[in-house]
Amino acid sequence: MADRRPFPPFGPLRAFDAFGRTRGIRRAAEWLRIDHAVVSRHLRALEKWAGVPLLDRAGGGLTEAGRIYHDRIASALDEIARATEALRAGDLPQLSVWCVPGFAFHWLVRRLGNFRTEFPDIDLLLRPTDARARFWSDGVDADIRYQLDGRPHEPQPGIRQAELARPPVFPVASPEFLRRAGPIRTVGGLLSQPLLAEEDSHEWLTWLARQGVAAPSMIPAARLWHAHLVLASAREGQGVALANPFLLEDDLRNGTLVRVGPPEAPFDGVAIGAYTLFIPENSWERPALARLRAWLVHVAGAFPPGAGEHAARAS
């Protein structure tokens with residue numbers, strides 16, 4: 001008996017799936033690594049085959065019929081991909097996770113052993129990088145970024161996000177630096193000190209503004225790009241750094257860095273951004289990613305123990 005199921009041609013189907021996920025012909029082409037003209041041709045071919053308009057060309061998205069169809073075929077294609085992944089990897093789900101380097105180096109990596117113990121059936125590859133994941137071309141399953149308040153972020157269509165933590169941020173320095181600098185009793189007094197930054201002064205200016213100090217502009221004493229380089233410079237006594245408990249766990253405990261301010265009342269920590277997890281919308285409920293997401297939300301949300309501000313002060 002002949003197979004009479006109405007399967008569409010697979011090339012146009014993949015192009016339509018990519019367009020539905022990325023919300024753009026060029027982004028779909030980037031994801032599939034083909035020319036955007038080929039994607040357009042595939043989309044027209046699928047509409048002709050189906051006899052139904054699938055793309056809302058005036059609005060730049062999908063028609064109602066296209067949206068319903070995409071929801072169904074995307075799930076089917078995801079299941080094909082998962083089945084193939086299991087076949088090739090011995091039934092071990094693989095996750096590629098990108099992460100902002102400071103968070104990965106100072107906090108996440110030491111907790112991955114607990115994740116593997118809890119989820120031994122997930123093969124997780126962690127890549128610390130400053131680059132934001134382009135999910136449609138980089139083959140990334142999840143991305144962890146620190147989003148600084150007030151800094152515009154280009155939205156990525158088809159990507160969902162979950163806030164992991166909004167930690168308090170406060171200035172720290174080495175004990176030797178503070179012995180040389182003398183007492184710093186006011187927040188405004190920081191402006192006369194060498195201030196260490198990552199790529200620019202935005203974080204310092206945001207923190208100072210939240211403390212009620214007007215500093216329309218400033219030039220950091222050093223720009224070191226990575227959070228762990230900023231902290232390394234602070235340990236060497238080269239200036240004052242801004243950081244949060246996720247990056248300072250060892251330093252505050254060991255006393256290599258201490259909080260800046262009057263000894264009886266160091267300057268308050270202020271949340272000026274959040275560690276955020278990004279996952280493609282169509283993969284949001286994928287079992288391995290759902291477990292990773294729940295684990296990260298729980299573990300990051302519970303750190304520091306109790307009130308992070310008090311834990312940091314005690315150091």
# chains A, B, ... in the order shown; residues from 1 in each chain; ligands from 1
>>> select_by_dssp(residues="segment 233-298 of chain A", states="helix (DSSP H, G or I)", output="number ranges by chain")
A: 233-235, 245-254, 281-283, 287-298
>>> write_last_selection(atoms="N, CA and C atoms", output="tab-separated table (two decimals), in the first residue's frame")
chain	number	residue	atom	x	y	z
A	233	SER	N	43.57	42.85	39.13
A	233	SER	CA	44.23	44.14	39.28
A	233	SER	C	43.97	44.72	40.67
A	234	ALA	N	42.74	44.56	41.16
A	234	ALA	CA	42.42	45.06	42.51
A	234	ALA	C	43.23	44.31	43.56
A	235	ARG	N	43.40	43.00	43.40
A	235	ARG	CA	44.20	42.22	44.37
A	235	ARG	C	45.64	42.71	44.41
A	245	PRO	N	28.81	39.53	44.98
A	245	PRO	CA	29.20	38.30	45.69
A	245	PRO	C	29.46	37.09	44.80
A	246	PHE	N	28.84	37.02	43.61
A	246	PHE	CA	29.11	35.90	42.73
A	246	PHE	C	30.57	35.88	42.27
A	247	LEU	N	31.17	37.06	42.18
A	247	LEU	CA	32.56	37.17	41.73
A	247	LEU	C	33.54	37.22	42.90
A	248	LEU	N	33.05	37.46	44.10
A	248	LEU	CA	33.92	37.75	45.24
A	248	LEU	C	33.92	36.68	46.32
A	249	GLU	N	33.33	35.54	46.02
A	249	GLU	CA	33.15	34.51	47.05
A	249	GLU	C	34.45	34.20	47.78
A	250	ASP	N	35.52	33.92	47.05
A	250	ASP	CA	36.80	33.57	47.68
A	250	ASP	C	37.49	34.79	48.28
A	251	ASP	N	37.50	35.91	47.55
A	251	ASP	CA	38.23	37.09	48.01
A	251	ASP	C	37.71	37.63	49.33
A	252	LEU	N	36.39	37.69	49.48
A	252	LEU	CA	35.83	38.21	50.73
A	252	LEU	C	36.09	37.25	51.89
A	253	ARG	N	36.04	35.96	51.59
A	253	ARG	CA	36.30	34.98	52.64
A	253	ARG	C	37.77	34.99	53.07
A	254	ASN	N	38.68	35.13	52.09
A	254	ASN	CA	40.11	35.07	52.39
A	254	ASN	C	40.70	36.42	52.78
A	281	GLU	N	12.95	30.12	22.24
A	281	GLU	CA	11.57	29.87	22.67
A	281	GLU	C	11.13	28.44	22.38
A	282	ASN	N	11.51	27.93	21.21
A	282	ASN	CA	11.06	26.59	20.85
A	282	ASN	C	11.78	25.49	21.62
A	283	SER	N	12.86	25.84	22.32
A	283	SER	CA	13.58	24.85	23.12
A	283	SER	C	13.31	25.03	24.62
A	287	PRO	N	13.38	18.92	27.71
A	287	PRO	CA	13.63	18.40	29.06
A	287	PRO	C	14.99	18.76	29.64
A	288	ALA	N	16.07	18.58	28.89
A	288	ALA	CA	17.40	18.86	29.43
A	288	ALA	C	17.55	20.35	29.75
A	289	LEU	N	17.03	21.23	28.89
A	289	LEU	CA	17.12	22.66	29.14
A	289	LEU	C	16.21	23.09	30.28
A	290	ALA	N	15.05	22.47	30.39
A	290	ALA	CA	14.15	22.79	31.50
A	290	ALA	C	14.80	22.44	32.84
A	291	ARG	N	15.52	21.31	32.87
A	291	ARG	CA	16.20	20.93	34.10
A	291	ARG	C	17.36	21.89	34.41
A	292	LEU	N	18.13	22.26	33.37
A	292	LEU	CA	19.20	23.23	33.58
A	292	LEU	C	18.64	24.56	34.07
A	293	ARG	N	17.57	25.02	33.44
A	293	ARG	CA	16.97	26.31	33.82
A	293	ARG	C	16.50	26.29	35.26
A	294	ALA	N	15.78	25.23	35.66
A	294	ALA	CA	15.28	25.15	37.03
A	294	ALA	C	16.43	25.09	38.02
A	295	TRP	N	17.48	24.35	37.68
A	295	TRP	CA	18.65	24.23	38.58
A	295	TRP	C	19.34	25.58	38.75
A	296	LEU	N	19.56	26.29	37.65
A	296	LEU	CA	20.23	27.59	37.73
A	296	LEU	C	19.41	28.60	38.52
A	297	VAL	N	18.11	28.65	38.26
A	297	VAL	CA	17.24	29.59	38.98
A	297	VAL	C	17.28	29.31	40.48
A	298	HIS	N	17.26	28.02	40.84
A	298	HIS	CA	17.28	27.65	42.25
A	298	HIS	C	18.62	27.96	42.90
>>> residues_around(residues="segment 44-57 of chain A", least_positions_apart="5", cutoff="6 Å", atoms="only C-alpha atoms", output="ChimeraX atom specification")
/A:12,62-63,66
>>> write_last_selection(atoms="C-alpha atoms", output="mmCIF file, in the first residue's frame")
data_model
loop_
_atom_site.group_PDB
_atom_site.id
_atom_site.type_symbol
_atom_site.label_atom_id
_atom_site.label_comp_id
_atom_site.auth_asym_id
_atom_site.auth_seq_id
_atom_site.Cartn_x
_atom_site.Cartn_y
_atom_site.Cartn_z
ATOM 1 C CA PRO A 12 11.307 24.306 2.102
ATOM 2 C CA LEU A 62 3.524 34.591 9.939
ATOM 3 C CA THR A 63 -0.136 34.470 9.041
ATOM 4 C CA GLY A 66 1.425 29.901 9.275
#
>>> select_by_dssp(residues="segment 132-250 of chain A", states="strand (DSSP E or B)", output="VMD selection string")
chain A and resid 142 to 148 159 to 165 169 to 173 195 to 197 222 to 223 240 to 243
>>> write_last_selection(atoms="C-alpha atoms", output="mmCIF file, in the first residue's frame")
data_model
loop_
_atom_site.group_PDB
_atom_site.id
_atom_site.type_symbol
_atom_site.label_atom_id
_atom_site.label_comp_id
_atom_site.auth_asym_id
_atom_site.auth_seq_id
_atom_site.Cartn_x
_atom_site.Cartn_y
_atom_site.Cartn_z
ATOM 1 C CA ALA A 142 21.599 28.466 26.324
ATOM 2 C CA ASP A 143 23.454 31.696 27.085
ATOM 3 C CA ILE A 144 24.083 33.397 30.442
ATOM 4 C CA ARG A 145 24.738 37.145 30.377
ATOM 5 C CA TYR A 146 24.997 39.961 32.913
ATOM 6 C CA GLN A 147 22.586 42.674 31.797
ATOM 7 C CA LEU A 148 23.492 46.066 33.204
ATOM 8 C CA ILE A 159 14.427 34.031 22.434
ATOM 9 C CA ARG A 160 13.020 33.759 25.961
ATOM 10 C CA GLN A 161 14.854 34.763 29.121
ATOM 11 C CA ALA A 162 14.857 33.996 32.821
ATOM 12 C CA GLU A 163 16.436 36.243 35.438
ATOM 13 C CA LEU A 164 18.745 34.205 37.666
ATOM 14 C CA ALA A 165 19.824 36.802 40.233
ATOM 15 C CA VAL A 169 27.252 45.480 43.690
ATOM 16 C CA PHE A 170 29.785 47.293 45.886
ATOM 17 C CA PRO A 171 33.356 48.633 45.687
ATOM 18 C CA VAL A 172 36.273 46.491 46.879
ATOM 19 C CA ALA A 173 40.031 46.923 47.116
ATOM 20 C CA LEU A 195 38.819 53.172 39.655
ATOM 21 C CA LEU A 196 39.116 49.900 37.759
ATOM 22 C CA ALA A 197 36.541 49.000 35.112
ATOM 23 C CA ALA A 222 42.254 51.038 33.871
ATOM 24 C CA ARG A 223 39.908 49.250 31.482
ATOM 25 C CA VAL A 240 39.104 50.074 43.479
ATOM 26 C CA ALA A 241 36.831 47.637 41.636
ATOM 27 C CA LEU A 242 33.078 47.163 41.522
ATOM 28 C CA ALA A 243 31.926 43.575 41.942
#
>>> residues_around(residues="segment 27-37 of chain A", least_positions_apart="5", cutoff="10 Å", atoms="only C-alpha atoms", output="MDAnalysis selection string")
chainID A and resid 14:22 42:43 134:139 157
>>> write_last_selection(atoms="C-alpha atoms", output="PDB file, in the first residue's frame")
ATOM      1  CA  ARG A  14      13.384  23.573   7.120  1.00  0.00           C
ATOM      2  CA  ALA A  15      13.475  27.083   5.670  1.00  0.00           C
ATOM      3  CA  PHE A  16       9.962  27.750   6.967  1.00  0.00           C
ATOM      4  CA  ASP A  17      10.879  26.363  10.398  1.00  0.00           C
ATOM      5  CA  ALA A  18      13.972  28.594  10.515  1.00  0.00           C
ATOM      6  CA  PHE A  19      11.932  31.652   9.504  1.00  0.00           C
ATOM      7  CA  GLY A  20       9.340  30.893  12.186  1.00  0.00           C
ATOM      8  CA  ARG A  21      12.011  30.599  14.865  1.00  0.00           C
ATOM      9  CA  THR A  22      14.159  33.575  13.888  1.00  0.00           C
ATOM     10  CA  HIS A  42      11.978  27.775  -0.372  1.00  0.00           C
ATOM     11  CA  LEU A  43       9.298  29.784   1.417  1.00  0.00           C
ATOM     12  CA  ARG A 134      23.647  34.039  17.988  1.00  0.00           C
ATOM     13  CA  PHE A 135      21.505  30.992  18.542  1.00  0.00           C
ATOM     14  CA  TRP A 136      20.591  30.569  14.909  1.00  0.00           C
ATOM     15  CA  SER A 137      24.198  30.251  13.719  1.00  0.00           C
ATOM     16  CA  ASP A 138      26.357  29.297  16.712  1.00  0.00           C
ATOM     17  CA  GLY A 139      24.620  26.055  17.662  1.00  0.00           C
ATOM     18  CA  PRO A 157      13.295  37.427  18.174  1.00  0.00           C
TER      19      PRO A 157
END
